[in-house]
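Asks: Next comes my_file-v6.cif, mmCIF, C-alpha atoms:
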```cif
data_input
loop_
_atom_site.label_atom_id
_atom_site.label_comp_id
_atom_site.auth_asym_id
_atom_site.auth_seq_id
_atom_site.Cartn_x
_atom_site.Cartn_y
_atom_site.Cartn_z
CA MET A 151 51.46 -27.04 -20.41
CA ILE A 152 52.74 -23.79 -18.92
CA GLU A 153 55.79 -23.69 -16.64
CA HIS A 154 55.99 -21.34 -13.67
CA LEU A 155 59.52 -21.23 -12.27
CA PHE A 156 60.27 -19.74 -8.85
CA PRO A 157 63.62 -18.95 -7.22
CA ASP A 158 62.57 -20.59 -3.94
CA GLU A 159 59.82 -22.71 -2.43
CA ALA A 160 58.37 -19.88 -0.35
CA GLN A 161 57.50 -17.82 -3.43
CA LEU A 162 56.10 -20.86 -5.21
CA ILE A 163 53.84 -21.71 -2.27
CA GLU A 164 52.57 -18.16 -1.92
CA ALA A 165 51.69 -17.97 -5.61
CA LEU A 166 50.17 -21.44 -5.91
CA ALA A 167 48.14 -21.23 -2.71
CA GLY A 168 46.71 -17.93 -3.94
CA GLN A 169 45.86 -19.41 -7.33
CA ILE A 170 44.16 -22.48 -5.83
CA GLY A 171 42.28 -20.34 -3.34
CA ARG A 172 40.99 -18.04 -6.07
CA ARG A 173 39.75 -20.96 -8.14
CA LEU A 174 37.96 -22.54 -5.19
CA LYS A 175 36.30 -19.24 -4.33
CA GLN A 176 35.24 -18.76 -7.93
CA GLY A 177 33.75 -22.25 -7.93
CA VAL A 178 31.72 -21.54 -4.81
CA GLU A 179 30.55 -18.19 -6.14
CA ALA A 180 29.59 -19.57 -9.56
CA ARG A 181 28.18 -22.98 -8.62
CA GLY A 182 27.61 -22.97 -4.87
CA GLN A 183 30.37 -25.51 -4.23
CA ALA A 184 33.88 -26.38 -5.33
CA SER A 185 36.21 -29.37 -5.31
CA LEU A 186 39.91 -30.00 -4.87
CA VAL A 187 41.97 -33.11 -5.60
CA ALA A 188 44.97 -32.86 -3.29
CA ALA A 189 48.37 -34.41 -4.00
CA GLY A 190 49.80 -36.65 -1.31
CA GLY A 191 53.33 -37.19 -0.11
CA SER A 192 55.72 -34.74 1.49
CA THR A 193 56.14 -32.14 -1.29
CA PRO A 194 52.81 -30.28 -0.86
CA ARG A 195 52.74 -30.10 2.95
CA ARG A 196 53.81 -26.45 3.17
CA LEU A 197 51.37 -25.64 0.37
CA TYR A 198 48.51 -27.00 2.48
CA ASP A 199 49.70 -25.04 5.51
CA ALA A 200 49.38 -21.89 3.40
CA LEU A 201 46.13 -22.93 1.75
CA SER A 202 44.50 -23.53 5.13
CA GLN A 203 44.89 -19.79 5.81
CA ILE A 204 43.03 -18.75 2.66
CA ASP A 205 39.72 -17.01 3.29
CA CYS A 206 37.16 -19.23 1.59
CA ALA A 207 33.74 -20.77 2.23
CA TRP A 208 35.42 -24.04 3.16
CA ASP A 209 32.16 -25.65 4.21
CA LYS A 210 31.25 -25.62 0.51
CA VAL A 211 34.57 -27.12 -0.66
CA TRP A 212 35.04 -30.85 -1.20
CA VAL A 213 38.53 -32.36 -0.94
CA THR A 214 39.86 -35.80 -1.83
CA PRO A 215 43.43 -37.09 -2.10
CA SER A 216 44.80 -38.02 -5.52
CA ASP A 217 45.75 -41.40 -4.08
CA GLU A 218 46.02 -43.25 -0.79
CA ARG A 219 48.26 -45.86 0.76
CA TRP A 220 46.34 -48.76 2.30
CA VAL A 221 47.49 -48.06 5.84
CA ALA A 222 45.73 -46.96 9.02
CA THR A 223 44.44 -43.39 8.80
CA ASP A 224 46.66 -42.37 11.72
CA ASP A 225 49.78 -43.81 10.06
CA HIS A 226 52.36 -41.17 9.12
CA HIS A 227 52.33 -42.51 5.54
CA SER A 228 48.59 -41.85 5.20
CA ASN A 229 47.67 -38.97 2.91
CA GLN A 230 44.42 -38.60 4.83
CA ASN A 231 46.43 -38.14 8.02
CA MET A 232 48.68 -35.58 6.34
CA LEU A 233 45.71 -33.56 5.05
CA HIS A 234 44.08 -33.53 8.48
CA HIS A 235 47.25 -32.12 10.03
CA ARG A 236 48.27 -29.68 7.28
CA LEU A 237 45.13 -28.55 5.43
CA PHE A 238 42.09 -29.20 7.63
CA LYS A 239 42.80 -26.63 10.33
CA GLY A 240 41.47 -23.17 11.08
CA ALA A 241 38.70 -22.20 8.67
CA ALA A 242 39.67 -25.06 6.35
CA ALA A 243 38.66 -27.57 9.04
CA LYS A 244 35.11 -27.08 7.72
CA ALA A 245 35.98 -28.54 4.31
CA ARG A 246 34.08 -31.65 3.25
CA PHE A 247 36.37 -34.63 2.93
CA ALA A 248 35.93 -37.63 0.61
CA PRO A 249 38.49 -40.18 1.84
CA LEU A 250 39.93 -42.91 -0.36
CA LYS A 251 40.52 -45.29 2.56
CA THR A 252 37.92 -47.74 3.88
CA ASP A 253 37.92 -50.60 6.36
CA ASP A 254 38.14 -53.12 3.53
CA ALA A 255 41.12 -55.44 3.73
CA THR A 256 42.42 -54.44 0.30
CA PRO A 257 41.99 -51.48 -2.06
CA LEU A 258 40.56 -53.81 -4.69
CA GLU A 259 37.63 -54.59 -2.39
CA ALA A 260 37.04 -50.86 -1.92
CA GLU A 261 37.04 -49.84 -5.59
CA ALA A 262 33.26 -49.82 -6.09
CA SER A 263 32.36 -47.87 -2.95
CA ILE A 264 35.13 -45.30 -3.41
CA ASP A 265 34.30 -44.94 -7.10
CA ALA A 266 30.76 -43.94 -6.11
CA ARG A 267 32.10 -41.55 -3.46
CA ILE A 268 34.30 -39.74 -5.99
CA ALA A 269 31.50 -39.69 -8.56
CA ALA A 270 29.32 -37.82 -6.03
CA MET A 271 31.79 -34.95 -5.63
CA PRO A 272 31.22 -31.64 -7.47
CA ARG A 273 32.54 -32.26 -10.96
CA PRO A 274 34.43 -31.22 -12.94
CA PHE A 275 36.98 -30.74 -10.15
CA ASP A 276 37.85 -27.07 -9.80
CA VAL A 277 41.48 -27.87 -9.02
CA VAL A 278 43.53 -31.04 -9.39
CA CYS A 279 46.87 -30.66 -7.61
CA LEU A 280 49.43 -33.37 -8.33
CA GLY A 281 53.01 -34.15 -7.51
CA MET A 282 55.42 -36.08 -9.70
CA GLY A 283 58.09 -38.63 -8.84
CA SER A 284 61.54 -38.70 -10.39
CA ASP A 285 60.37 -41.78 -12.31
CA GLY A 286 57.54 -39.79 -13.87
CA HIS A 287 54.71 -41.25 -11.79
CA PHE A 288 51.80 -39.17 -10.56
CA ALA A 289 49.13 -40.08 -8.00
CA SER A 290 49.89 -43.81 -7.63
CA LEU A 291 50.20 -44.51 -11.34
CA PHE A 292 53.70 -45.96 -11.58
CA PRO A 293 55.77 -46.95 -14.63
CA PHE A 294 55.24 -50.50 -15.93
CA ASN A 295 52.80 -51.27 -13.12
CA ALA A 296 50.17 -53.95 -13.73
CA ALA A 297 47.40 -51.41 -13.09
CA LEU A 298 48.90 -48.66 -15.23
CA GLU A 299 47.12 -49.40 -18.51
CA ARG A 300 43.78 -49.34 -16.74
CA GLY A 301 44.74 -46.25 -14.74
CA LEU A 302 45.84 -44.32 -17.84
CA ASP A 303 42.76 -45.09 -19.94
CA ALA A 304 41.52 -41.55 -20.53
CA GLY A 305 38.16 -42.79 -21.71
CA ALA A 306 37.47 -45.18 -18.84
CA ALA A 307 34.40 -44.80 -16.66
CA ALA A 308 36.30 -45.81 -13.53
CA ASN A 309 37.27 -43.04 -11.09
CA VAL A 310 39.72 -45.15 -9.08
CA VAL A 311 42.01 -48.12 -9.54
CA ALA A 312 43.62 -50.45 -7.01
CA VAL A 313 47.39 -50.52 -7.33
CA ASP A 314 50.13 -52.73 -5.92
CA VAL A 315 53.56 -51.11 -6.03
CA ALA A 316 56.14 -53.55 -4.72
CA GLY A 317 58.77 -51.82 -2.62
CA ALA A 318 57.13 -48.39 -2.73
CA GLU A 319 57.71 -46.11 0.24
CA GLY A 320 54.88 -46.27 2.76
CA GLY A 321 53.35 -49.49 1.49
CA ALA A 322 52.66 -51.38 -1.69
CA ALA A 323 48.84 -51.47 -1.60
CA ARG A 324 47.23 -48.25 -2.77
CA LEU A 325 44.15 -46.75 -4.35
CA SER A 326 44.62 -44.07 -7.00
CA LEU A 327 42.38 -41.77 -8.96
CA THR A 328 42.51 -42.65 -12.64
CA LEU A 329 43.66 -40.38 -15.43
CA SER A 330 40.06 -40.29 -16.64
CA ALA A 331 38.87 -38.91 -13.30
CA LEU A 332 41.75 -36.44 -13.00
CA LEU A 333 40.99 -35.04 -16.47
CA ASP A 334 37.43 -34.27 -15.37
CA ALA A 335 38.77 -30.97 -14.12
CA ARG A 336 38.85 -27.27 -14.83
CA TRP A 337 42.55 -26.90 -14.03
CA ILE A 338 45.50 -29.16 -13.19
CA CYS A 339 48.63 -28.00 -11.42
CA VAL A 340 51.73 -30.12 -10.95
CA LEU A 341 54.02 -29.20 -8.06
CA ILE A 342 57.66 -30.23 -8.34
CA ARG A 343 60.90 -29.37 -6.57
CA GLY A 344 64.41 -29.44 -7.93
CA ASP A 345 66.12 -29.39 -11.32
CA GLN A 346 66.01 -33.17 -11.69
CA LYS A 347 62.21 -33.36 -11.63
CA LEU A 348 61.94 -30.30 -13.84
CA GLY A 349 64.10 -32.11 -16.37
CA VAL A 350 61.87 -35.17 -16.12
CA SER A 351 58.74 -33.12 -16.82
CA ARG A 352 60.39 -31.43 -19.79
CA GLY A 353 61.61 -34.70 -21.26
CA ALA A 354 58.41 -36.63 -20.69
CA ALA A 355 56.67 -35.28 -23.78
CA GLN A 356 58.84 -37.54 -25.93
CA ALA A 357 58.51 -40.59 -23.68
CA ASP A 358 56.08 -43.49 -23.68
CA ALA A 359 53.39 -43.17 -21.01
CA LEU A 360 53.87 -46.75 -19.80
CA ARG A 361 57.52 -45.91 -19.11
CA MET A 362 56.83 -42.38 -17.85
CA PRO A 363 53.17 -41.93 -16.86
CA ILE A 364 53.33 -38.13 -16.57
CA GLN A 365 53.53 -38.09 -20.38
CA ALA A 366 49.81 -38.89 -20.49
CA LEU A 367 49.08 -35.67 -18.60
CA ILE A 368 51.48 -33.54 -20.59
CA ALA A 369 50.21 -34.84 -23.94
CA GLN A 370 46.52 -34.26 -23.21
CA ASP A 371 44.79 -31.14 -24.46
CA ARG A 372 41.48 -31.41 -22.59
CA VAL A 373 42.41 -29.53 -19.42
CA PRO A 374 44.71 -26.52 -18.87
CA MET A 375 47.76 -27.68 -16.94
CA ASP A 376 50.50 -25.67 -15.24
CA VAL A 377 53.76 -26.90 -13.76
CA HIS A 378 54.99 -25.01 -10.69
CA SER A 379 58.65 -25.61 -9.91
CA ALA A 380 61.21 -24.20 -7.46
#
```
Show me this structure written as structure tokens.
Replies:
Amino acid sequence: MIEHLFPDEAQLIEALAGQIGRRLKQGVEARGQASLVAAGGSTPRRLYDALSQIDCAWDKVWVTPSDERWVATDDHHSNQNMLHHRLFKGAAAKARFAPLKTDDATPLEAEASIDARIAAMPRPFDVVCLGMGSDGHFASLFPFNAALERGLDAGAAANVVAVDVAGAEGGAARLSLTLSALLDARWICVLIRGDQKLGVSRGAAQADALRMPIQALIAQDRVPMDVHSA
């Protein structure tokens, strides 16, 4: 894991958007298509504003969220909704989107169809962009959650896992990419803000992954991973 520390968010966003854009362009040039796993939540919104301005063959880029709340796609808690407003505009509106939300009543009912959808994306993913909570969760893989052991199985065939996170902001029912799927990548970047989260990421290496899931990402040596912090 390599840390990249920035004095302010603006410099972080400029650098990270440029890095992601270069990797997507390289993927298109080398393989005819590229893929991006996009973190949800509020932290990466300005990153996606900047990324949408990157000159790229967006019609050859596939995008999927790292996780999704089981809410209507026009709900303000929906990651799909956030991506449509912040990333899919201008030239980036041509990007190909693989949503994690379906019309099924629960994420558990949608696992099989979404698993196939993610399996059909260009793999390995060119870029996996993730956030991290102050409790050490990433995507929707939360500490001590009933779905966590399945979600953190690095050798699992499953691309997604249904998750129920009681009391979580924006809704308890969610669908998350698994660690196994996220590690099928050429590069992982973790975007964090503030000294508290930076301290969490630094301390996670000595933690147990069931208590602090980000440890499973930090401990792996299959995929290059950078932490970008401001």
Asks: Could the residues of range 237-289 of chain A that have an atom at most 12 Å from range 335-358 of chain A be listed as CSV, each with its closest atom pair and the distance in Å to one decimal, counting all atoms listed in the file and ordered by chain and ascending residue number?
Replies:
```
residue,atom,partner,partner_atom,distance
A:Met271,CA,A:Ala335,CA,11.7
A:Pro272,CA,A:Ala335,CA,10.1
A:Arg273,CA,A:Ala335,CA,7.1
A:Pro274,CA,A:Ala335,CA,4.5
A:Phe275,CA,A:Ala335,CA,4.4
A:Asp276,CA,A:Arg336,CA,5.1
A:Val277,CA,A:Trp337,CA,5.2
A:Val278,CA,A:Ile338,CA,4.7
A:Cys279,CA,A:Cys339,CA,5.0
A:Leu280,CA,A:Val340,CA,4.8
A:Gly281,CA,A:Leu341,CA,5.1
A:Met282,CA,A:Ile342,CA,6.4
A:Gly283,CA,A:Lys347,CA,7.2
A:Ser284,CA,A:Lys347,CA,5.5
A:Asp285,CA,A:Val350,CA,7.8
A:Gly286,CA,A:Val350,CA,6.7
A:His287,CA,A:Val350,CA,10.3
A:Phe288,CA,A:Val340,CA,9.1
A:Ala289,CA,A:Val340,CA,10.7
```
Asks: List the spatial neighbours of Pro293 in chain A as a PyMOL selection string - criterion: any atom at most 6 Å away, all atoms listed in the file, same-chain residues fewer than 3 positions off excluded.
Replies: chain A and resi 360-362
Asks: Restricting the output to C-alpha atoms, write the selected residues as a PDB file, keeping the file's coordinate frame.
Replies:
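Here's the written file again-v7.pdb:
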```pdb
ATOM      1  CA  LEU A 360      53.870 -46.750 -19.800  1.00  0.00           C
ATOM      2  CA  ARG A 361      57.520 -45.910 -19.110  1.00  0.00           C
ATOM      3  CA  MET A 362      56.830 -42.380 -17.850  1.00  0.00           C
TER       4      MET A 362
END
```
Asks: Env of Ala241 in chain A: 8 Å cut, atoms = all atoms listed in the file, seq-sep filter 3 positions within chain, self excluded. Answer as a short mmCIF file (atom, residue, chain, number, x, y, z; two decimals) with C-alpha atoms, keeping the file's coordinate frame.
Replies:
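selection-v1.cif written:
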```cif
data_model
loop_
_atom_site.label_atom_id
_atom_site.label_comp_id
_atom_site.auth_asym_id
_atom_site.auth_seq_id
_atom_site.Cartn_x
_atom_site.Cartn_y
_atom_site.Cartn_z
CA SER A 202 44.50 -23.53 5.13
CA GLN A 203 44.89 -19.79 5.81
CA ASP A 205 39.72 -17.01 3.29
CA CYS A 206 37.16 -19.23 1.59
CA TRP A 208 35.42 -24.04 3.16
CA PHE A 238 42.09 -29.20 7.63
CA LYS A 244 35.11 -27.08 7.72
#
```
Asks: With the PyMOL selection byres ((chain A and resi 250-257) around 8) as the selection, what would be picked from this file? Answer as a list in words, please.
Replies: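 With the shown file as input, the PyMOL selection byres ((chain A and resi 250-257) around 8) matches Thr214, Pro215, Asp217, Glu218, Arg219, Trp220, Thr223, Ala248, Pro249, Leu258, Glu259, Ala260, Glu261, Ile264, Ala312, Val313, Ala323, Arg324 and Leu325 of chain A.
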Asks: Tell me, in Å to one decimal, how far CA of Gln161 in chain A is from CA of Ala189 in chain A.
Replies: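 For CA of Gln161 in chain A relative to CA of Ala189 in chain A, the distance reads 18.9 Å.
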Asks: Excluding Arg195 in chain A and any residue of its chain fewer than 5 positions from it, enumerate the residues within 9 Å of it, using all atoms listed in the file, and give them as a compact mmCIF listing (two decimals) with C-alpha atoms, keeping the file's coordinate frame.
Replies:
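Output file around_5.txt follows:
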```txt
# COMPACT_ATOMS: atom_id res chain seq x y z
CA GLY A 190 49.80 -36.65 -1.31
CA ALA A 200 49.38 -21.89 3.40
CA MET A 232 48.68 -35.58 6.34
CA LEU A 233 45.71 -33.56 5.05
CA ARG A 236 48.27 -29.68 7.28
CA LEU A 237 45.13 -28.55 5.43
```
Asks: Could you check how far CA of Ala380 in chain A sits from CA of Asp334 in chain A, in Å to one decimal?
Replies: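 Separation of CA of Ala380 in chain A and CA of Asp334 in chain A: 27.0 Å.
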Asks: Between CA of Ala266 in chain A and CA of Phe247 in chain A, what distance in Å does the model show, to one decimal?
Replies: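 Atom-to-atom, CA of Ala266 in chain A and CA of Phe247 in chain A are spaced 14.1 Å apart.
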Asks: Taking (49.1, -41.2, -22.7) as a centre in this file's frame and 10 Å as the limit, can you find every polymer residue with an atom that close, using only C-alpha atoms, and give them as a ChimeraX atom specification?
Replies: /A:299,302-304,329,355,357-360,362-370
Asks: Hey, which of A:Thr193, A:Ala316, A:Ala242, A:Pro157 ends up closest to Ala296 in chain A? Count all atoms listed in the file.
Replies: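 Using all atoms listed in the file, Ala296 in chain A sits closest to A:Ala316.
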Asks: I'd like the neighbourhood of Lys175 in chain A as a PyMOL selection string, where a residue qualifies if any of its atoms comes within 12 Å (using all atoms listed in the file), though same-chain residues fewer than 6 positions away should be ignored.
Replies: chain A and resi 168-169+181-186+204-211+276-277
Asks: Would you export the selected residues with C-alpha atoms as a PDB file, keeping the file's coordinate frame, please?
Replies:
```pdb
ATOM      1  CA  GLY A 168      46.710 -17.930  -3.940  1.00  0.00           C
ATOM      2  CA  GLN A 169      45.860 -19.410  -7.330  1.00  0.00           C
ATOM      3  CA  ARG A 181      28.180 -22.980  -8.620  1.00  0.00           C
ATOM      4  CA  GLY A 182      27.610 -22.970  -4.870  1.00  0.00           C
ATOM      5  CA  GLN A 183      30.370 -25.510  -4.230  1.00  0.00           C
ATOM      6  CA  ALA A 184      33.880 -26.380  -5.330  1.00  0.00           C
ATOM      7  CA  SER A 185      36.210 -29.370  -5.310  1.00  0.00           C
ATOM      8  CA  LEU A 186      39.910 -30.000  -4.870  1.00  0.00           C
ATOM      9  CA  ILE A 204      43.030 -18.750   2.660  1.00  0.00           C
ATOM     10  CA  ASP A 205      39.720 -17.010   3.290  1.00  0.00           C
ATOM     11  CA  CYS A 206      37.160 -19.230   1.590  1.00  0.00           C
ATOM     12  CA  ALA A 207      33.740 -20.770   2.230  1.00  0.00           C
ATOM     13  CA  TRP A 208      35.420 -24.040   3.160  1.00  0.00           C
ATOM     14  CA  ASP A 209      32.160 -25.650   4.210  1.00  0.00           C
ATOM     15  CA  LYS A 210      31.250 -25.620   0.510  1.00  0.00           C
ATOM     16  CA  VAL A 211      34.570 -27.120  -0.660  1.00  0.00           C
ATOM     17  CA  ASP A 276      37.850 -27.070  -9.800  1.00  0.00           C
ATOM     18  CA  VAL A 277      41.480 -27.870  -9.020  1.00  0.00           C
TER      19      VAL A 277
END
```
Asks: Counting all atoms listed in the file, find residues at most 6 Å from (43.0, -33.5, -19.3) (file frame) and give them as a list in words.
Replies: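 Checked against the point, the hits come out as Leu333, Gln370, Asp371, Arg372 and Val373 of chain A.
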Asks: Let me have the centre and edge lengths of the axis-aligned box enclosing all listed atoms of range 320-331 of chain A with 4 Å padding on every side, in Å to one decimal, as AutoDock Vina command-line options.
Replies:
```
--center_x 46.9 --center_y -45.2 --center_z -6.9 --size_x 24.0 --size_y 20.6 --size_z 27.4
```
Asks: Report the residues retrieved by the PyMOL selection byres ((chain A and resi 320) around 9) from the displayed file, expressed as a VMD selection string.
Replies: chain A and resid 219 to 221 226 to 228 317 to 319 321 to 322
Asks: Return range 198-209 of chain A, completed with N, CA, C and O atoms, as a PDB file, in the coordinates of the input.
Replies:
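Contents of the output file selection-v9.pdb:
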```pdb
ATOM      1  N   TYR A 198      49.771 -26.848   1.757  1.00  0.00           N
ATOM      2  CA  TYR A 198      48.510 -27.000   2.480  1.00  0.00           C
ATOM      3  C   TYR A 198      48.488 -26.147   3.742  1.00  0.00           C
ATOM      4  O   TYR A 198      47.427 -25.644   4.136  1.00  0.00           O
ATOM      5  N   ASP A 199      49.640 -25.968   4.378  1.00  0.00           N
ATOM      6  CA  ASP A 199      49.700 -25.040   5.510  1.00  0.00           C
ATOM      7  C   ASP A 199      49.244 -23.651   5.073  1.00  0.00           C
ATOM      8  O   ASP A 199      48.467 -22.981   5.761  1.00  0.00           O
ATOM      9  N   ALA A 200      49.735 -23.211   3.911  1.00  0.00           N
ATOM     10  CA  ALA A 200      49.380 -21.890   3.400  1.00  0.00           C
ATOM     11  C   ALA A 200      47.930 -21.851   2.937  1.00  0.00           C
ATOM     12  O   ALA A 200      47.207 -20.876   3.193  1.00  0.00           O
ATOM     13  N   LEU A 201      47.492 -22.903   2.270  1.00  0.00           N
ATOM     14  CA  LEU A 201      46.130 -22.930   1.750  1.00  0.00           C
ATOM     15  C   LEU A 201      45.104 -22.906   2.873  1.00  0.00           C
ATOM     16  O   LEU A 201      44.018 -22.329   2.715  1.00  0.00           O
ATOM     17  N   SER A 202      45.442 -23.501   4.006  1.00  0.00           N
ATOM     18  CA  SER A 202      44.500 -23.530   5.130  1.00  0.00           C
ATOM     19  C   SER A 202      44.206 -22.125   5.659  1.00  0.00           C
ATOM     20  O   SER A 202      43.194 -21.919   6.342  1.00  0.00           O
ATOM     21  N   GLN A 203      45.083 -21.156   5.344  1.00  0.00           N
ATOM     22  CA  GLN A 203      44.890 -19.790   5.810  1.00  0.00           C
ATOM     23  C   GLN A 203      44.091 -18.932   4.830  1.00  0.00           C
ATOM     24  O   GLN A 203      43.783 -17.771   5.117  1.00  0.00           O
ATOM     25  N   ILE A 204      43.765 -19.503   3.668  1.00  0.00           N
ATOM     26  CA  ILE A 204      43.030 -18.750   2.660  1.00  0.00           C
ATOM     27  C   ILE A 204      41.581 -18.537   3.108  1.00  0.00           C
ATOM     28  O   ILE A 204      40.919 -19.461   3.590  1.00  0.00           O
ATOM     29  N   ASP A 205      41.101 -17.323   2.952  1.00  0.00           N
ATOM     30  CA  ASP A 205      39.720 -17.010   3.290  1.00  0.00           C
ATOM     31  C   ASP A 205      38.800 -17.557   2.211  1.00  0.00           C
ATOM     32  O   ASP A 205      38.813 -17.092   1.075  1.00  0.00           O
ATOM     33  N   CYS A 206      38.023 -18.570   2.561  1.00  0.00           N
ATOM     34  CA  CYS A 206      37.160 -19.230   1.590  1.00  0.00           C
ATOM     35  C   CYS A 206      35.977 -19.843   2.336  1.00  0.00           C
ATOM     36  O   CYS A 206      36.065 -20.115   3.535  1.00  0.00           O
ATOM     37  N   ALA A 207      34.899 -20.081   1.633  1.00  0.00           N
ATOM     38  CA  ALA A 207      33.740 -20.770   2.230  1.00  0.00           C
ATOM     39  C   ALA A 207      34.048 -22.268   2.238  1.00  0.00           C
ATOM     40  O   ALA A 207      33.522 -23.043   1.443  1.00  0.00           O
ATOM     41  N   TRP A 208      34.909 -22.670   3.149  1.00  0.00           N
ATOM     42  CA  TRP A 208      35.420 -24.040   3.160  1.00  0.00           C
ATOM     43  C   TRP A 208      34.318 -25.071   3.376  1.00  0.00           C
ATOM     44  O   TRP A 208      34.467 -26.233   2.953  1.00  0.00           O
ATOM     45  N   ASP A 209      33.243 -24.692   4.013  1.00  0.00           N
ATOM     46  CA  ASP A 209      32.160 -25.650   4.210  1.00  0.00           C
ATOM     47  C   ASP A 209      31.459 -26.027   2.910  1.00  0.00           C
ATOM     48  O   ASP A 209      30.671 -26.972   2.864  1.00  0.00           O
TER      49      ASP A 209
END
```
